[in-house]
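> CSV, C-alpha atoms and all ligand atoms, saved as final-v9.csv, coming up:
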chain,number,residue,atom,x,y,z
A,265,MET,CA,194.2,5.2,146.3
A,266,SER,CA,196.1,7.9,144.5
A,267,THR,CA,197.3,10.9,146.6
A,268,ARG,CA,198.4,14.4,145.7
A,269,SER,CA,202.1,13.6,146.0
A,270,GLU,CA,201.8,11.0,143.2
A,271,LEU,CA,199.6,13.0,140.9
A,272,ALA,CA,199.6,16.3,139.0
A,273,PRO,CA,198.0,19.3,140.7
A,274,TYR,CA,195.2,19.2,138.1
A,275,ALA,CA,194.4,15.5,138.6
A,276,ALA,CA,191.1,14.4,140.3
A,277,LEU,CA,191.7,13.2,143.8
A,278,ASP,CA,189.7,10.5,145.6
A,279,ALA,CA,189.8,12.5,148.8
A,280,GLN,CA,188.4,15.6,147.1
A,281,THR,CA,185.5,13.9,145.2
A,282,ARG,CA,182.3,15.9,145.1
A,283,GLY,CA,180.8,12.8,146.5
A,284,ARG,CA,177.9,10.4,145.8
A,285,VAL,CA,174.2,11.2,145.6
A,286,HIS,CA,173.5,8.9,148.6
A,287,PRO,CA,176.3,9.5,151.1
A,288,GLU,CA,178.2,6.4,152.1
A,289,PRO,CA,181.0,5.6,154.5
A,290,SER,CA,184.5,6.0,153.0
A,291,ALA,CA,185.7,3.2,150.7
A,292,PHE,CA,189.0,2.9,152.6
A,293,PRO,CA,191.3,1.0,152.1
A,294,ARG,CA,190.1,1.3,148.5
A,295,GLY,CA,189.9,4.7,146.9
A,296,GLU,CA,186.6,6.1,145.9
A,297,PHE,CA,187.2,5.8,142.2
A,298,GLN,CA,188.6,2.3,142.7
A,299,ARG,CA,185.3,1.4,144.4
A,300,ASP,CA,183.4,2.9,141.4
A,301,ARG,CA,185.5,0.8,139.0
A,302,ASP,CA,184.7,-2.3,141.1
A,303,ARG,CA,181.0,-1.6,141.1
A,304,ILE,CA,181.0,-1.2,137.3
A,305,VAL,CA,182.8,-4.4,136.7
A,306,HIS,CA,180.3,-6.3,139.0
A,307,SER,CA,177.3,-4.8,137.3
A,308,THR,CA,174.9,-6.8,135.1
A,309,ALA,CA,175.1,-4.2,132.3
A,310,PHE,CA,178.9,-4.7,132.2
A,311,ARG,CA,178.5,-8.4,131.7
A,312,ARG,CA,176.0,-7.9,128.9
A,313,LEU,CA,178.6,-6.0,126.9
A,314,GLU,CA,180.1,-9.3,126.0
A,315,TYR,CA,177.2,-10.0,123.8
A,316,LYS,CA,176.7,-6.6,122.2
A,317,THR,CA,178.0,-5.6,118.8
A,318,GLN,CA,180.8,-3.2,118.2
A,319,VAL,CA,180.7,-3.3,114.4
A,320,PHE,CA,180.3,-7.0,113.7
A,321,VAL,CA,177.4,-8.9,115.2
A,322,ASN,CA,178.7,-11.2,117.9
A,323,HIS,CA,178.0,-14.5,116.2
A,324,GLU,CA,179.8,-13.6,113.0
A,325,GLY,CA,183.2,-14.7,114.4
A,326,ASP,CA,184.8,-15.4,117.7
A,327,HIS,CA,187.7,-12.9,117.2
A,328,PHE,CA,185.8,-9.7,116.5
A,329,ARG,CA,185.6,-7.1,119.2
A,330,THR,CA,182.5,-6.9,121.3
A,331,ARG,CA,181.6,-4.0,123.5
A,332,LEU,CA,183.2,-5.8,126.4
A,333,THR,CA,186.6,-6.2,124.8
A,334,HIS,CA,186.3,-2.7,123.3
A,335,SER,CA,185.7,-1.3,126.8
A,336,LEU,CA,188.7,-3.2,128.2
A,337,GLU,CA,190.9,-1.8,125.4
A,338,VAL,CA,189.7,1.7,126.1
A,339,ALA,CA,190.5,1.2,129.8
A,340,GLN,CA,194.0,0.0,129.1
A,341,ILE,CA,194.8,2.8,126.6
A,342,GLY,CA,193.2,5.3,129.0
A,343,ARG,CA,195.2,4.1,131.9
A,344,THR,CA,198.5,4.3,129.9
A,345,ILE,CA,197.8,7.9,129.0
A,346,ALA,CA,196.6,8.8,132.5
A,347,ARG,CA,199.8,7.4,134.0
A,348,LEU,CA,202.0,9.3,131.6
A,349,LEU,CA,200.2,12.5,132.5
A,350,LYS,CA,200.1,11.8,136.2
A,351,LEU,CA,196.3,11.7,136.3
A,352,ASN,CA,194.1,9.5,138.4
A,353,GLU,CA,194.3,6.1,136.6
A,354,GLU,CA,191.4,4.6,138.6
A,355,LEU,CA,189.0,7.4,137.6
A,356,THR,CA,190.0,7.1,133.9
A,357,GLU,CA,189.6,3.3,134.2
A,358,ALA,CA,186.2,3.6,135.8
A,359,VAL,CA,184.9,6.0,133.1
A,360,SER,CA,186.4,3.9,130.3
A,361,LEU,CA,184.8,0.7,131.6
A,362,ALA,CA,181.4,2.3,132.0
A,363,HIS,CA,181.3,4.5,128.9
A,364,ASP,CA,179.3,2.1,126.8
A,365,LEU,CA,177.1,0.5,129.4
A,366,GLY,CA,174.0,2.2,127.9
A,367,HIS,CA,174.6,1.0,124.4
A,368,THR,CA,171.8,-0.8,122.6
A,369,PRO,CA,172.2,-4.1,120.9
A,370,PHE,CA,173.6,-3.9,117.3
A,371,GLY,CA,176.0,-1.0,117.7
A,372,HIS,CA,175.2,2.4,116.2
A,373,ALA,CA,172.4,1.0,114.0
A,374,GLY,CA,170.6,0.0,117.2
A,375,GLN,CA,171.1,3.3,118.8
A,376,ASP,CA,169.8,5.2,115.8
A,377,ALA,CA,166.8,3.0,115.4
A,378,LEU,CA,165.9,3.4,119.1
A,379,ASN,CA,166.4,7.1,118.9
A,380,ALA,CA,164.0,7.2,116.0
A,381,CYS,CA,161.4,5.1,117.9
A,382,MET,CA,161.7,7.5,120.8
A,383,LYS,CA,161.4,10.7,118.9
A,384,ASP,CA,158.1,11.7,120.4
A,385,HIS,CA,159.2,10.5,123.9
A,386,GLY,CA,162.4,12.5,124.5
A,387,GLY,CA,164.7,10.6,122.1
A,388,PHE,CA,167.4,8.1,123.0
A,389,GLU,CA,171.1,8.9,123.6
A,390,HIS,CA,173.5,6.1,124.5
A,391,ASN,CA,175.7,8.4,126.7
A,392,LEU,CA,172.7,9.4,128.7
A,393,GLN,CA,171.6,5.8,128.8
A,394,SER,CA,175.0,4.8,130.3
A,395,LEU,CA,174.3,7.4,133.0
A,396,ARG,CA,170.8,6.0,133.5
A,397,VAL,CA,172.2,2.5,133.9
A,398,VAL,CA,174.6,3.5,136.7
A,399,ASP,CA,172.2,6.0,138.3
A,400,ARG,CA,168.9,4.0,138.2
A,401,LEU,CA,168.7,0.8,136.3
A,402,GLU,CA,171.2,-1.4,138.1
A,403,GLN,CA,169.5,-2.9,141.1
A,404,ARG,CA,172.1,-4.2,143.5
A,405,TYR,CA,171.8,-2.2,146.7
A,406,ALA,CA,169.3,-2.3,149.5
A,407,GLU,CA,169.3,1.5,150.0
A,408,PHE,CA,169.3,3.0,146.5
A,409,ASP,CA,168.8,2.3,142.8
A,410,GLY,CA,171.8,2.3,140.6
A,411,LEU,CA,175.5,2.1,141.6
A,412,ASN,CA,175.7,5.5,143.4
A,413,LEU,CA,178.9,6.4,141.7
A,414,CYS,CA,181.0,9.5,142.5
A,415,TYR,CA,180.2,12.8,140.7
A,416,GLU,CA,183.5,12.7,138.7
A,417,THR,CA,182.8,9.2,137.3
A,418,ARG,CA,179.2,10.2,136.3
A,419,GLU,CA,180.5,13.4,134.8
A,420,GLY,CA,183.0,11.4,132.7
A,421,ILE,CA,180.3,8.9,131.6
A,422,LEU,CA,178.1,11.7,130.3
A,423,LYS,CA,180.3,12.6,127.4
A,424,HIS,CA,177.6,14.3,125.3
A,425,CYS,CA,174.1,15.2,125.9
A,426,SER,CA,171.5,17.5,124.2
A,427,LEU,CA,170.9,20.8,125.9
A,428,ALA,CA,167.2,19.9,126.5
A,429,ASN,CA,168.4,16.8,128.5
A,430,ALA,CA,171.2,18.8,130.2
A,431,ARG,CA,168.5,21.1,131.7
A,432,GLU,CA,166.8,18.1,133.3
A,433,LEU,CA,170.0,16.8,134.9
A,434,GLY,CA,170.8,19.3,137.5
A,435,ASP,CA,174.4,19.8,138.5
A,436,LEU,CA,175.7,17.1,136.1
A,437,GLY,CA,174.0,18.8,133.1
A,438,GLN,CA,175.1,22.2,134.1
A,439,ARG,CA,178.5,22.0,132.4
A,440,PHE,CA,176.9,21.6,129.0
A,441,LEU,CA,174.9,24.7,129.6
A,442,ASP,CA,177.9,26.6,130.8
A,443,LYS,CA,180.1,25.1,128.1
A,444,LYS,CA,182.6,23.8,130.7
A,445,GLN,CA,184.9,20.7,130.5
A,446,PRO,CA,184.9,17.5,132.5
A,447,SER,CA,188.1,16.4,134.3
A,448,LEU,CA,191.2,15.5,132.3
A,449,GLU,CA,190.6,11.9,133.3
A,450,ALA,CA,187.3,12.0,131.5
A,451,GLN,CA,188.8,13.8,128.5
A,452,VAL,CA,191.4,11.1,128.3
A,453,ALA,CA,188.9,8.3,128.5
A,454,ASN,CA,187.0,9.9,125.7
A,455,LEU,CA,190.1,10.1,123.4
A,456,ALA,CA,191.1,6.6,124.4
A,457,ASP,CA,187.7,5.4,123.1
A,458,GLU,CA,188.6,7.0,119.7
A,459,ILE,CA,192.0,5.5,119.6
A,460,ALA,CA,190.6,2.1,120.5
A,461,TYR,CA,187.8,1.9,118.0
A,462,ASN,CA,189.6,3.4,115.0
A,463,ASN,CA,192.4,0.9,115.4
A,464,HIS,CA,190.4,-2.2,116.3
A,465,ASP,CA,188.0,-1.4,113.4
A,466,VAL,CA,191.0,-1.5,111.1
A,467,ASP,CA,192.0,-4.8,112.6
A,468,ASP,CA,188.5,-6.3,112.6
A,469,GLY,CA,187.8,-4.8,109.1
A,470,LEU,CA,190.9,-6.5,107.7
A,471,ARG,CA,190.1,-9.7,109.4
A,472,SER,CA,186.6,-9.7,107.9
A,473,GLY,CA,188.0,-9.2,104.5
A,474,LEU,CA,185.6,-6.3,103.9
A,475,ILE,CA,188.6,-3.8,103.6
A,476,ASP,CA,192.2,-4.5,102.6
A,477,GLU,CA,195.7,-3.3,103.2
A,478,GLU,CA,196.0,-1.8,99.7
A,479,GLY,CA,192.9,0.4,100.3
A,480,LEU,CA,194.0,1.5,103.7
A,481,ARG,CA,197.2,2.7,102.3
A,482,GLU,CA,195.3,5.7,101.0
A,483,THR,CA,195.4,6.9,104.6
A,484,ARG,CA,198.6,8.4,106.0
A,485,LEU,CA,198.3,6.9,109.4
A,486,PHE,CA,198.1,3.4,108.0
A,487,SER,CA,200.5,3.8,105.1
A,488,ARG,CA,203.5,5.2,107.0
A,489,HIS,CA,203.3,2.3,109.5
A,490,TYR,CA,202.7,-0.2,106.7
A,491,ASP,CA,205.9,1.1,105.0
A,492,GLU,CA,207.8,0.9,108.2
A,493,VAL,CA,206.8,-2.7,108.9
A,494,ARG,CA,207.3,-3.8,105.3
A,495,ALA,CA,210.8,-2.3,105.3
A,496,LYS,CA,211.8,-3.8,108.7
A,497,TYR,CA,210.2,-7.3,108.0
A,498,PRO,CA,210.2,-7.8,104.2
A,499,GLU,CA,209.4,-11.5,104.6
A,500,LEU,CA,206.5,-11.1,107.1
A,501,ASN,CA,203.0,-11.8,105.9
A,502,GLY,CA,199.5,-12.6,107.1
A,503,ARG,CA,198.0,-11.4,110.4
A,504,ARG,CA,201.3,-10.5,112.0
A,505,VAL,CA,201.8,-7.7,109.5
A,506,VAL,CA,198.4,-6.2,110.6
A,507,HIS,CA,199.3,-6.5,114.3
A,508,GLU,CA,202.7,-4.9,113.8
A,509,ILE,CA,201.0,-2.0,112.0
A,510,VAL,CA,198.1,-1.5,114.4
A,511,ARG,CA,200.4,-1.7,117.4
A,512,ARG,CA,202.5,1.2,115.9
A,513,MET,CA,199.4,3.2,115.1
A,514,ILE,CA,198.1,3.0,118.6
A,515,ASN,CA,201.5,3.9,120.0
A,516,THR,CA,201.9,6.9,117.7
A,517,LEU,CA,198.5,8.2,118.7
A,518,ILE,CA,199.1,7.8,122.4
A,519,LEU,CA,202.5,9.5,122.2
A,520,ASP,CA,201.1,12.4,120.2
A,521,LEU,CA,198.2,12.8,122.6
A,522,VAL,CA,200.4,12.8,125.6
A,523,ALA,CA,202.9,15.3,124.1
A,524,THR,CA,200.1,17.6,122.8
A,525,THR,CA,198.2,17.5,126.1
A,526,ARG,CA,201.4,18.3,128.1
A,527,ALA,CA,202.0,21.3,125.9
A,528,ASN,CA,198.4,22.4,126.2
A,529,LEU,CA,198.6,22.1,130.0
A,530,GLU,CA,201.7,24.1,130.2
A,531,GLN,CA,200.4,26.8,128.0
A,532,ALA,CA,197.1,27.1,129.8
A,533,GLY,CA,199.0,27.1,133.2
A,534,VAL,CA,196.2,25.2,134.9
A,535,ARG,CA,196.9,24.3,138.5
A,536,SER,CA,193.7,22.6,139.6
A,537,LEU,CA,190.8,20.5,138.5
A,538,GLU,CA,188.6,23.6,138.8
A,539,GLU,CA,190.8,25.4,136.3
A,540,VAL,CA,190.7,22.3,134.0
A,541,ARG,CA,186.9,22.6,134.0
A,542,ASN,CA,186.9,26.3,133.2
A,543,ALA,CA,189.6,26.0,130.4
A,544,ALA,CA,189.1,25.0,126.8
A,545,PRO,CA,189.5,21.2,126.3
A,546,LEU,CA,193.1,20.4,127.2
A,547,ALA,CA,193.5,16.8,126.2
A,548,GLY,CA,193.9,16.3,122.5
A,549,PHE,CA,195.9,15.4,119.5
A,550,SER,CA,198.1,17.7,117.4
A,551,ALA,CA,196.5,19.3,114.4
A,552,ASP,CA,198.3,17.0,112.0
A,553,MET,CA,197.4,13.9,114.0
A,554,LEU,CA,193.8,15.0,114.3
A,555,GLU,CA,193.7,15.3,110.5
A,556,GLN,CA,195.3,11.8,110.1
A,557,GLN,CA,192.7,10.4,112.5
A,558,ARG,CA,189.9,12.1,110.5
A,559,GLU,CA,191.3,10.6,107.3
A,560,LEU,CA,191.2,7.2,108.8
A,561,LYS,CA,187.7,7.6,110.1
A,562,ARG,CA,186.5,8.8,106.7
A,563,TYR,CA,188.0,5.7,105.1
A,564,LEU,CA,186.4,3.4,107.6
A,565,ARG,CA,183.0,5.1,107.2
A,566,GLN,CA,183.1,4.8,103.5
A,567,HIS,CA,184.6,1.4,103.1
A,568,LEU,CA,183.7,-0.5,106.2
A,569,TYR,CA,180.7,1.0,108.0
A,570,GLN,CA,178.9,1.6,104.7
A,571,HIS,CA,180.0,-1.6,103.1
A,572,TYR,CA,177.0,-3.3,101.6
A,573,LYS,CA,177.4,-6.4,103.8
A,574,VAL,CA,177.6,-4.2,106.9
A,575,MET,CA,174.6,-2.2,105.7
A,576,ARG,CA,172.5,-5.3,105.2
A,577,MET,CA,173.3,-6.3,108.8
A,578,THR,CA,172.6,-2.8,110.2
A,579,SER,CA,169.3,-2.5,108.3
A,580,LYS,CA,168.2,-5.8,109.6
A,581,ALA,CA,169.2,-4.8,113.1
A,582,ALA,CA,167.3,-1.5,112.8
A,583,ARG,CA,164.2,-3.5,111.7
A,584,ILE,CA,164.5,-5.8,114.8
A,585,ILE,CA,164.7,-2.8,117.2
A,586,GLN,CA,161.8,-0.9,115.5
A,587,SER,CA,159.6,-4.0,115.4
A,588,LEU,CA,160.2,-4.8,119.0
A,589,PHE,CA,159.5,-1.2,120.0
A,590,ASP,CA,156.3,-1.0,118.0
A,591,ALA,CA,155.0,-4.3,119.3
A,592,PHE,CA,155.6,-3.4,122.9
A,593,ILE,CA,154.2,0.2,122.7
A,594,ALA,CA,151.1,-1.1,121.0
A,595,GLU,CA,150.6,-3.9,123.4
A,596,PRO,CA,152.5,-3.7,126.7
A,597,ARG,CA,150.9,-6.9,127.8
A,598,LEU,CA,153.4,-8.7,125.6
A,599,LEU,CA,156.0,-7.8,128.3
A,600,SER,CA,156.7,-9.8,131.5
A,601,PRO,CA,154.7,-8.5,134.5
A,602,GLU,CA,157.9,-6.8,135.8
A,603,HIS,CA,158.4,-4.8,132.7
A,604,GLN,CA,154.7,-4.0,132.4
A,605,GLU,CA,155.0,-2.4,135.8
A,606,HIS,CA,157.9,-0.3,134.5
A,607,VAL,CA,155.8,0.8,131.5
A,608,GLN,CA,153.0,1.8,133.8
A,609,ARG,CA,155.5,4.0,135.7
A,610,ASP,CA,157.8,5.3,133.0
A,611,GLY,CA,155.8,4.8,129.7
A,612,ALA,CA,157.8,4.6,126.5
A,613,ARG,CA,161.1,5.2,128.4
A,614,ALA,CA,160.7,1.8,130.1
A,615,ILE,CA,160.4,0.1,126.7
A,616,ALA,CA,163.6,1.9,125.6
A,617,ASP,CA,165.3,0.7,128.8
A,618,TYR,CA,164.2,-2.8,128.2
A,619,ILE,CA,165.4,-2.8,124.5
A,620,ALA,CA,168.6,-1.0,125.2
A,621,GLY,CA,169.5,-3.5,127.9
A,622,MET,CA,169.2,-6.5,125.4
A,623,THR,CA,172.2,-8.2,124.0
A,624,ASP,CA,172.3,-8.9,120.3
A,625,ARG,CA,171.2,-12.5,120.6
A,626,TYR,CA,168.5,-11.7,123.2
A,627,ALA,CA,167.0,-9.1,120.8
A,628,MET,CA,167.1,-11.7,118.0
A,629,ARG,CA,165.5,-14.3,120.2
A,630,GLU,CA,162.8,-11.9,121.4
A,631,TYR,CA,162.1,-11.0,117.7
A,632,ARG,CA,161.7,-14.7,116.8
A,633,ARG,CA,159.4,-15.2,119.8
A,634,LEU,CA,157.2,-12.4,118.8
A,635,PHE,CA,157.2,-12.6,115.0
A,636,GLY,CA,158.4,-16.2,114.1
A,637,ILE,CA,155.5,-18.0,112.5
A,638,ASP,CA,157.1,-21.5,112.3
A,639,GLU,CA,156.3,-21.8,116.0
A,640,ILE,CA,153.3,-20.2,117.6
A,641,THR,CA,154.2,-21.1,121.2
A,642,VAL,CA,156.6,-18.9,123.1
A,701,MG,MG,183.2,3.2,122.9
Turn this file's structure into structure tokens for me.


Amino acid sequence: MSTRSELAPYAALDAQTRGRVHPEPSAFPRGEFQRDRDRIVHSTAFRRLEYKTQVFVNHEGDHFRTRLTHSLEVAQIGRTIARLLKLNEELTEAVSLAHDLGHTPFGHAGQDALNACMKDHGGFEHNLQSLRVVDRLEQRYAEFDGLNLCYETREGILKHCSLANARELGDLGQRFLDKKQPSLEAQVANLADEIAYNNHDVDDGLRSGLIDEEGLRETRLFSRHYDEVRAKYPELNGRRVVHEIVRRMINTLILDLVATTRANLEQAGVRSLEEVRNAAPLAGFSADMLEQQRELKRYLRQHLYQHYKVMRMTSKAARIIQSLFDAFIAEPRLLSPEHQEHVQRDGARAIADYIAGMTDRYAMREYRRLFGIDEITV
């Protein structure tokens, strides 16, 4: 458990948590955020992340990131930053590990497809779904639904949310209406997510052969580290070159983020978590690094995420999601009795919960069961 003497005055403290919706005895000798982290790791939704796509569908290769390995990388980067800034590492870790729990199968294509299906039923946002998973959908405790996590962990998980949804959420939604910030631990987890996915998408993209080093050299962040690695190891080739470059890119981003955030904190003169919430966002990159990140993102969007082979995969994925949703909404009796009961209670939202909870391979299997005509039995 982290105490005030070890942490900065603006860090979130276990002992000062705003607490849990259902009061529970203290987690001692664990800290409250440590307990949250443990609950997240033991959840079913966390284990399903292993079989959910980041960019490449799980079965395309054993070395590509999945949402599980992505979440672990986010947590590791987040903890490094939190430690350097004397923030609460356990809180950053808990938020990082939980941030993608609500993600649909098939990455962003799945999320967009499900959001389109749900447009007349309140839409679908994966951040909000992550919160729904930890607040309601996990069923592990006798006395409450969900994991009953601390306010600060839930606040960090809900990175974005529409104003309409914010109004429904009570105290957790209020900050979006008041335009306030979450804790620095949550801000750091959010930026660690960006560092992780940009860099591993470079790595996975190169591994897949859909993008190449020559092309990536158009971006400053890649090219300067490419030149450095080439100069230092002129004989090196293959995957090691990529790893040497990506390592340096991650390091550069972390150091810039830490230095810029320290300067922001000093300038704002914040002395407490409350002041962090009331200030402008304090964790961030320098203007130059932000531009370099944007350049890299633009490159990845254009050459990787919109590569025709990725587009074929995402369009197929979207069709699977859409077909499943249409079939279940038209005929809920296709669902197991347990899910039919949920639909009776929550309508279309229960179908979205069911589909969002699927892994890539489960969604494909369900699609074949419903629409495969080479076998009529289930
Ligand atoms: Mg993520």

> So that each row is one residue of chain A with an atom at most 7 Å from ligand MG 701 (chain A), can you give its shortest atom pair and the distance in Å to one decimal, using only C-alpha atoms and all ligand atoms, rows by chain and rising number, as JSON lines?


{"residue": "A:His334", "atom": "CA", "partner": "A:MG701", "partner_atom": "MG", "distance": 6.7}
{"residue": "A:Ser335", "atom": "CA", "partner": "A:MG701", "partner_atom": "MG", "distance": 6.5}
{"residue": "A:His363", "atom": "CA", "partner": "A:MG701", "partner_atom": "MG", "distance": 6.4}
{"residue": "A:Asp364", "atom": "CA", "partner": "A:MG701", "partner_atom": "MG", "distance": 5.6}
{"residue": "A:Asp457", "atom": "CA", "partner": "A:MG701", "partner_atom": "MG", "distance": 5.0}
{"residue": "A:Tyr461", "atom": "CA", "partner": "A:MG701", "partner_atom": "MG", "distance": 6.8}

> Smallest atom-to-atom distance to His372 of chain A: which of A:Tyr569, A:Phe592, A:Phe408, A:Phe297, using only C-alpha atoms?

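Closest residue, counting only C-alpha atoms: A:Tyr569.
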
> Give me the residues within 7 Å of Glu296 of chain A as a list of chain:residue names, counting all atoms listed in the file and dropping any in the same chain fewer than 4 places off.

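The residues satisfying every condition are A:Asp278, A:Ala291, A:Asp300.
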
> Any idea what's packed within 10 Å of Leu365 of chain A, counting only C-alpha atoms, ignoring anything in its chain fewer than 3 positions away? Could you give it as a ChimeraX atom specification?

/A:304,307-313,331-332,335,360-362,368,390-398,421,620-621

> Neighbouring residues of Thr267 of chain A were defined as those with any atom within 12 Å, considering only C-alpha atoms; residues of the same chain fewer than 5 positions away were excluded. Please report them as a list in words.

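Listing them by chain and then by number gives Ala272, Pro273, Ala275, Ala276, Leu277, Asp278, Ala279, Gln280, Gly295, Glu296, Lys350, Leu351, Asn352, Glu353 and Glu354 of chain A.
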
> Return the single residue from A:Ile509, A:Leu413, A:Leu470, A:Ala616 that is closest to His327 of chain A, with distances computed using all atoms listed in the file.

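Of A:Ile509, A:Leu413, A:Leu470, A:Ala616, the one nearest His327 of chain A, counting all atoms listed in the file, is A:Leu470.
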
> At a cut-off of 9 Å, using only C-alpha atoms, what residues contact segment 340-348 of chain A? Leave out same-chain residues fewer than 3 positions from it and give the result as a VMD selection string.

chain A and resid 271 335 to 337 351 to 354 356 to 357 360 448 to 449 452 to 457 459 to 460 514 518 to 519 521 to 522

> Rounded to one decimal, what separation in Å do you get between atom CA of Glu538 of chain A and atom CA of Gln451 of chain A?

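Atom-to-atom, atom CA of Glu538 of chain A and atom CA of Gln451 of chain A are spaced 14.2 Å apart.
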
> Find the residue from A:Ala406, A:His286, A:Phe549, A:Val510 that sits nearest to Asn463 of chain A; use all atoms listed in the file when measuring.

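Smallest separation from Asn463 of chain A among the options: A:Val510.
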